>>> print(open('target-v2.tsv').read())   # TSV, C-alpha atoms and all ligand atoms
chain	number	residue	atom	x	y	z
T	292	MET	CA	32.13	17.74	6.74
T	293	ARG	CA	30.63	21.03	5.63
T	294	ILE	CA	28.48	20.75	2.51
T	295	LEU	CA	27.65	23.81	0.46
T	296	LEU	CA	24.98	23.97	-2.22
T	297	ASP	CA	25.31	27.28	-4.02
T	298	GLN	CA	22.67	28.71	-6.38
T	299	PHE	CA	21.40	25.24	-7.28
T	300	THR	CA	19.01	25.14	-10.23
T	301	LYS	CA	17.14	22.10	-11.52
T	302	THR	CA	14.90	21.89	-14.55
T	303	PHE	CA	12.88	19.02	-15.98
T	304	GLY	CA	12.21	19.85	-19.63
T	305	ALA	CA	10.76	23.35	-19.69
T	306	THR	CA	9.87	23.34	-15.99
T	307	THR	CA	12.20	24.85	-13.40
T	308	VAL	CA	11.56	23.05	-10.10
T	309	ILE	CA	14.47	24.56	-8.13
T	310	ASP	CA	15.62	28.09	-8.92
T	311	LYS	CA	19.00	29.22	-7.52
T	312	MET	CA	18.65	27.63	-4.11
T	313	SER	CA	21.54	27.86	-1.64
T	314	LEU	CA	22.02	25.68	1.41
T	315	ASP	CA	24.92	25.46	3.84
T	316	ILE	CA	25.08	22.24	5.87
T	317	GLU	CA	27.40	22.62	8.82
T	318	SER	CA	29.84	19.91	9.79
T	319	GLY	CA	28.20	17.39	12.11
T	320	GLU	CA	24.71	18.82	12.02
T	321	MET	CA	21.44	17.11	11.14
T	322	LEU	CA	19.57	19.45	8.84
T	323	ALA	CA	15.94	18.71	8.01
T	324	LEU	CA	14.56	19.66	4.60
T	325	LEU	CA	10.90	20.06	5.44
T	326	GLY	CA	8.04	20.90	3.13
T	327	PRO	CA	4.88	19.70	1.41
T	328	SER	CA	4.89	16.99	-1.23
T	329	GLY	CA	6.30	18.20	-4.55
T	330	CYS	CA	8.24	21.19	-3.15
T	331	GLY	CA	11.61	19.80	-4.31
T	332	LYS	CA	13.07	18.00	-1.28
T	333	SER	CA	14.01	14.77	-3.04
T	334	THR	CA	15.27	16.68	-6.07
T	335	THR	CA	17.67	18.55	-3.76
T	336	LEU	CA	18.80	15.31	-2.13
T	337	PHE	CA	19.34	13.64	-5.53
T	338	ALA	CA	21.52	16.57	-6.59
T	339	ILE	CA	23.68	16.23	-3.47
T	340	CYS	CA	24.17	12.50	-4.01
T	341	GLY	CA	24.68	12.89	-7.76
T	342	ILE	CA	21.72	10.86	-9.03
T	343	HIS	CA	20.54	14.02	-10.79
T	344	ARG	CA	22.72	16.36	-12.78
T	345	MET	CA	22.50	20.01	-11.68
T	346	ASN	CA	21.39	22.52	-14.32
T	347	GLY	CA	23.08	25.39	-12.53
T	348	GLY	CA	25.03	26.20	-9.39
T	349	ARG	CA	27.85	24.53	-7.47
T	350	LEU	CA	28.17	21.82	-4.86
T	351	LEU	CA	31.12	21.68	-2.47
T	352	PHE	CA	32.05	18.86	-0.07
T	353	GLY	CA	34.43	20.69	2.23
T	354	GLU	CA	36.85	22.43	-0.14
T	355	ARG	CA	36.22	19.95	-2.94
T	356	ASP	CA	34.00	20.95	-5.86
T	357	VAL	CA	31.93	17.84	-6.70
T	358	THR	CA	29.40	19.57	-8.99
T	359	HIS	CA	30.37	17.51	-12.02
T	360	LEU	CA	31.45	14.30	-10.29
T	361	PRO	CA	29.31	11.20	-10.89
T	362	SER	CA	27.56	9.67	-7.91
T	363	GLN	CA	30.03	6.81	-7.42
T	364	MET	CA	32.91	9.27	-7.13
T	365	ARG	CA	31.25	11.17	-4.29
T	366	ASN	CA	31.39	9.77	-0.80
T	367	VAL	CA	27.72	9.85	0.19
T	368	GLY	CA	25.55	7.45	2.19
T	369	VAL	CA	21.88	7.32	1.25
T	370	VAL	CA	18.83	5.74	2.91
T	371	PHE	CA	15.56	5.76	0.99
T	372	GLN	CA	12.00	5.31	2.21
T	373	ASN	CA	11.88	1.71	0.93
T	374	TYR	CA	15.45	0.90	2.17
T	375	ALA	CA	16.32	-0.68	-1.21
T	376	LEU	CA	18.16	-3.66	0.31
T	377	TYR	CA	19.31	-6.46	-1.99
T	378	PRO	CA	16.71	-9.20	-1.33
T	379	HIS	CA	18.94	-12.18	-2.19
T	380	MET	CA	21.79	-11.11	0.13
T	381	ASN	CA	21.88	-11.47	3.90
T	382	ALA	CA	22.34	-8.42	6.11
T	383	PHE	CA	26.11	-8.87	6.35
T	384	ASP	CA	26.53	-8.93	2.57
T	385	ASN	CA	24.16	-6.00	2.11
T	386	ILE	CA	26.29	-3.91	4.46
T	387	ALA	CA	29.56	-5.21	3.01
T	388	PHE	CA	28.54	-4.49	-0.58
T	389	PRO	CA	29.82	-0.88	-0.80
T	390	LEU	CA	33.22	-2.11	0.49
T	391	MET	CA	33.34	-5.19	-1.78
T	392	ILE	CA	32.92	-3.08	-4.91
T	393	ARG	CA	35.89	-1.02	-3.68
T	394	LYS	CA	37.89	-4.24	-3.50
T	395	MET	CA	38.72	-3.80	0.16
T	396	ALA	CA	40.50	-6.76	1.81
T	397	LYS	CA	38.20	-9.37	3.43
T	398	PRO	CA	39.42	-9.02	7.04
T	399	GLU	CA	39.04	-5.25	6.88
T	400	ILE	CA	35.53	-5.58	5.42
T	401	GLU	CA	34.58	-7.93	8.23
T	402	ARG	CA	35.98	-5.61	10.87
T	403	LYS	CA	34.10	-2.60	9.48
T	404	VAL	CA	30.80	-4.44	9.03
T	405	LEU	CA	30.90	-5.79	12.58
T	406	ALA	CA	31.72	-2.37	14.03
T	407	ILE	CA	28.86	-0.66	12.21
T	408	ALA	CA	26.45	-3.52	13.02
T	409	GLU	CA	27.24	-2.98	16.68
T	410	LEU	CA	26.60	0.75	16.36
T	411	VAL	CA	23.13	0.23	14.85
T	412	HIS	CA	22.35	-2.74	17.15
T	413	ILE	CA	21.97	-5.56	14.63
T	414	GLU	CA	24.93	-7.78	15.61
T	415	GLY	CA	22.65	-10.80	15.97
T	416	LEU	CA	20.85	-10.39	12.65
T	417	LEU	CA	23.67	-10.44	10.13
T	418	LYS	CA	22.86	-13.85	8.64
T	419	ARG	CA	19.25	-12.98	7.90
T	420	LYS	CA	17.92	-11.90	4.53
T	421	PRO	CA	15.79	-8.75	4.31
T	422	ALA	CA	12.52	-10.75	4.15
T	423	GLN	CA	13.39	-12.24	7.57
T	424	LEU	CA	13.76	-8.80	9.16
T	425	SER	CA	11.13	-6.39	10.51
T	426	GLY	CA	10.74	-2.93	8.98
T	427	GLY	CA	12.76	-1.32	11.74
T	428	GLN	CA	15.51	-3.94	11.44
T	429	GLN	CA	15.64	-3.48	7.66
T	430	GLN	CA	16.04	0.22	8.22
T	431	ARG	CA	18.93	-0.39	10.61
T	432	VAL	CA	20.62	-2.54	7.94
T	433	ALA	CA	20.07	0.23	5.38
T	434	LEU	CA	21.62	2.75	7.79
T	435	ALA	CA	24.60	0.45	8.38
T	436	ARG	CA	25.11	0.04	4.63
T	437	ALA	CA	24.96	3.81	4.15
T	438	LEU	CA	27.47	4.45	6.95
T	439	VAL	CA	29.96	1.60	6.51
T	440	ARG	CA	32.33	3.48	4.21
T	441	GLU	CA	32.33	6.57	6.42
T	442	PRO	CA	30.66	8.94	3.97
T	443	ASP	CA	31.11	12.72	3.94
T	444	ILE	CA	27.35	13.09	4.35
T	445	LEU	CA	24.36	10.93	5.22
T	446	LEU	CA	21.22	11.56	3.15
T	447	LEU	CA	17.88	10.31	4.46
T	448	ASP	CA	14.82	10.54	2.18
T	449	GLU	CA	11.63	10.07	4.25
T	450	PRO	CA	13.31	7.23	6.16
T	451	LEU	CA	10.43	6.73	8.59
T	452	ALA	CA	7.51	6.91	6.15
T	453	ASN	CA	7.04	3.15	5.89
T	454	LEU	CA	7.10	2.39	9.61
T	455	ASP	CA	4.15	2.10	11.97
T	456	ALA	CA	3.67	4.78	14.62
T	457	LYS	CA	5.48	2.99	17.44
T	458	LEU	CA	8.53	2.07	15.37
T	459	ARG	CA	8.62	5.55	13.90
T	460	LEU	CA	9.04	7.00	17.38
T	461	GLU	CA	11.77	4.52	18.26
T	462	MET	CA	13.66	5.06	15.00
T	463	ARG	CA	13.50	8.85	15.31
T	464	SER	CA	15.67	8.72	18.39
T	465	GLU	CA	17.79	5.85	17.05
T	466	ILE	CA	18.67	7.67	13.83
T	467	ARG	CA	19.49	10.76	15.85
T	468	ARG	CA	21.66	8.75	18.27
T	469	ILE	CA	23.57	7.10	15.42
T	470	GLN	CA	24.08	10.45	13.65
T	471	GLN	CA	25.40	12.04	16.82
T	472	GLU	CA	27.64	9.12	17.76
T	473	THR	CA	29.27	9.14	14.32
T	474	GLY	CA	29.36	12.96	14.16
T	475	ILE	CA	28.35	12.79	10.51
T	476	SER	CA	26.68	15.68	8.66
T	477	ALA	CA	23.18	14.60	7.65
T	478	VAL	CA	20.21	15.80	5.63
T	479	LEU	CA	16.81	14.48	6.63
T	480	VAL	CA	14.09	14.92	4.00
T	481	THR	CA	10.61	14.83	5.47
T	482	HIS	CA	7.13	16.26	5.08
T	483	ASP	CA	6.46	15.56	8.79
T	484	GLN	CA	6.96	18.65	10.94
T	485	VAL	CA	7.08	16.70	14.22
T	486	GLU	CA	9.84	14.51	12.81
T	487	ALA	CA	11.85	17.56	11.74
T	488	MET	CA	11.26	19.39	15.02
T	489	SER	CA	12.30	16.41	17.14
T	490	MET	CA	15.31	15.21	15.14
T	491	ALA	CA	17.06	18.15	13.50
T	492	ASP	CA	19.56	20.76	14.68
T	493	ARG	CA	18.20	23.11	12.04
T	494	ILE	CA	15.24	23.05	9.71
T	495	ALA	CA	15.15	24.41	6.16
T	496	ILE	CA	11.52	24.81	5.24
T	497	MET	CA	10.83	24.57	1.50
T	498	ASP	CA	7.96	25.72	-0.65
T	499	GLN	CA	7.84	25.46	-4.44
T	500	GLY	CA	11.56	24.99	-4.93
T	501	GLN	CA	12.66	27.71	-2.53
T	502	ILE	CA	13.91	27.75	1.05
T	503	VAL	CA	11.48	30.01	2.89
T	504	GLN	CA	13.21	29.91	6.28
T	505	LEU	CA	16.22	28.20	7.81
T	506	ALA	CA	16.45	28.13	11.60
T	507	ALA	CA	16.70	25.99	14.71
T	508	PRO	CA	13.38	24.20	15.42
T	509	LYS	CA	12.39	26.33	18.38
T	510	ASP	CA	13.29	29.65	16.71
T	511	MET	CA	11.30	28.68	13.64
T	512	TYR	CA	8.29	27.69	15.71
T	513	ASP	CA	8.45	30.86	17.82
T	514	GLU	CA	9.26	33.27	15.00
T	515	PRO	CA	8.02	31.98	11.65
T	516	VAL	CA	8.80	34.47	8.88
T	517	THR	CA	5.68	33.76	6.82
T	518	ASP	CA	2.14	32.47	7.36
T	519	PHE	CA	3.10	29.45	5.28
T	520	VAL	CA	5.85	28.51	7.75
T	521	ALA	CA	3.57	29.13	10.72
T	522	SER	CA	0.73	27.02	9.32
T	523	PHE	CA	3.06	24.27	8.21
T	524	LEU	CA	4.58	23.99	11.69
T	525	GLY	CA	1.12	23.93	13.24
T	526	ASN	CA	1.44	27.32	14.89
T	527	PRO	CA	-0.84	29.45	12.71
T	528	PRO	CA	-0.94	33.24	13.24
T	601	LIG	P1	9.31	16.27	-2.86
T	601	LIG	O1	10.40	15.29	-2.61
T	601	LIG	O2	9.45	17.51	-2.06
T	601	LIG	O3	7.95	15.67	-2.67
T	601	LIG	P2	10.32	16.26	-5.57
T	601	LIG	O4	11.67	16.80	-5.39
T	601	LIG	O5	10.18	14.79	-5.76
T	601	LIG	O6	9.37	16.76	-4.39
T	601	LIG	O7	9.64	16.97	-6.84
T	601	LIG	C1	9.68	18.38	-7.03
T	601	LIG	C2	8.97	18.72	-8.34
T	601	LIG	O8	9.72	18.21	-9.43
T	601	LIG	C3	7.57	18.14	-8.45
T	601	LIG	O9	6.74	19.07	-9.09
T	601	LIG	C4	7.78	16.92	-9.32
T	601	LIG	O10	6.62	16.63	-10.05
T	601	LIG	C5	8.93	17.34	-10.22
T	601	LIG	N1	9.76	16.20	-10.64
T	601	LIG	C6	10.51	15.42	-9.83
T	601	LIG	N2	11.18	14.48	-10.52
T	601	LIG	C7	10.84	14.67	-11.83
T	601	LIG	C8	11.21	14.03	-13.08
T	601	LIG	N3	12.06	13.00	-13.10
T	601	LIG	N4	10.65	14.51	-14.21
T	601	LIG	C9	9.82	15.57	-14.18
T	601	LIG	N5	9.42	16.22	-13.07
T	601	LIG	C10	9.93	15.79	-11.90
T	602	MG	MG	10.31	13.26	-2.04
>>> encode(input="target-v2.tsv", output="structure tokens")
Amino acid sequence: MRILLDQFTKTFGATTVIDKMSLDIESGEMLALLGPSGCGKSTTLFAICGIHRMNGGRLLFGERDVTHLPSQMRNVGVVFQNYALYPHMNAFDNIAFPLMIRKMAKPEIERKVLAIAELVHIEGLLKRKPAQLSGGQQQRVALARALVREPDILLLDEPLANLDAKLRLEMRSEIRRIQQETGISAVLVTHDQVEAMSMADRIAIMDQGQIVQLAAPKDMYDEPVTDFVASFLGNPP
């Protein structure tokens, strides 16, 4: 689904951290929000999922204006850096949880959980609790939980930050595979340029609450519009 953030403004007290930012996420694309720590990436993601109220602007999911809808009335899937799995529940119940609270019938829940577990390659791990899973496996469970109710958009906030180098490489291509197989629109928040370059269809590079450039990875690398973009991508002028 196409997601449109139009003239988004966010303030904390007297401080404006995002000032009239617009972002158009095309249906089925993986868009990376890339920028240094504190530039406003998570704030943007929280506005899309509804954790934060917007102080100005509009948010559209397709034709639907969701600007004032609470988080639970938007159909978003979110994966955070720390996965935020429920420690006392096994993987199956973690994934089933978003369907249980919607009072879906048991057989349908089971069918959906098994299908998504197969997609993310954790069929054999469903009885385990999070503490009995590796970091990469926990992340797969978190992805399954985010995807199980077929959200309009998948939001990933630094999903690879807690993994070691080898797993990070593996999960880069796994997340990309899963996103492409489901055809879901996705936003990947990261401060890692290599991650953004290797995973995203387009990159929006942010600095101090603004989008400085939005382009396909190669175009941005070849033709950065500012020295900031060039330096950040590791291709200084
Ligand atoms: P990023 O995810 O790019 O590292 P954030 O979106 O978390 O950055 O933060 C953007 C700016 O907003 C930072 O200056 C941060 O200090 C500020 N900020 C974020 N959340 C809050 C909050 N709850 N209260 C006050 N300031 C905040
Ligand atoms: Mg952040």
>>> residues_near_ligand(input="target-v2.tsv", ligand="ligand MG 602 (chain T)", cutoff="12 Å", atoms="all atoms listed in the file", output="JSON list (two decimals) with C-alpha atoms, keeping the file's coordinate frame")
[["chain", "number", "residue", "atom", "x", "y", "z"],
["T", 324, "LEU", "CA", 14.56, 19.66, 4.60],
["T", 325, "LEU", "CA", 10.90, 20.06, 5.44],
["T", 326, "GLY", "CA", 8.04, 20.90, 3.13],
["T", 327, "PRO", "CA", 4.88, 19.70, 1.41],
["T", 328, "SER", "CA", 4.89, 16.99, -1.23],
["T", 329, "GLY", "CA", 6.30, 18.20, -4.55],
["T", 330, "CYS", "CA", 8.24, 21.19, -3.15],
["T", 331, "GLY", "CA", 11.61, 19.80, -4.31],
["T", 332, "LYS", "CA", 13.07, 18.00, -1.28],
["T", 333, "SER", "CA", 14.01, 14.77, -3.04],
["T", 334, "THR", "CA", 15.27, 16.68, -6.07],
["T", 335, "THR", "CA", 17.67, 18.55, -3.76],
["T", 336, "LEU", "CA", 18.80, 15.31, -2.13],
["T", 337, "PHE", "CA", 19.34, 13.64, -5.53],
["T", 371, "PHE", "CA", 15.56, 5.76, 0.99],
["T", 372, "GLN", "CA", 12.00, 5.31, 2.21],
["T", 447, "LEU", "CA", 17.88, 10.31, 4.46],
["T", 448, "ASP", "CA", 14.82, 10.54, 2.18],
["T", 449, "GLU", "CA", 11.63, 10.07, 4.25],
["T", 450, "PRO", "CA", 13.31, 7.23, 6.16],
["T", 452, "ALA", "CA", 7.51, 6.91, 6.15],
["T", 479, "LEU", "CA", 16.81, 14.48, 6.63],
["T", 480, "VAL", "CA", 14.09, 14.92, 4.00],
["T", 481, "THR", "CA", 10.61, 14.83, 5.47],
["T", 482, "HIS", "CA", 7.13, 16.26, 5.08],
["T", 483, "ASP", "CA", 6.46, 15.56, 8.79],
["T", 497, "MET", "CA", 10.83, 24.57, 1.50]]
>>> closest_residue(input="target-v2.tsv", among="T:Asp443, T:Asp498, T:Glu317, T:Glu409", to="ligand LIG 601 (chain T)", atoms="only C-alpha atoms and all ligand atoms")
T:Asp498
>>> closest_residue(input="target-v2.tsv", among="T:Ile339, T:Ile400, T:Met312, T:Ala406", to="Asn366 in chain T", atoms="all atoms listed in the file")
T:Ile339
>>> residues_around(input="target-v2.tsv", residues="range 295-305 of chain T", least_positions_apart="4", cutoff="6 Å", atoms="all atoms listed in the file", output="PyMOL selection string")
chain T and resi 309-315+345-351
>>> residues_around(input="target-v2.tsv", residues="His379 in chain T", least_positions_apart="2", cutoff="10 Å", atoms="only C-alpha atoms", output="ChimeraX atom specification")
/T:376-377,381-382,384-385,420-422
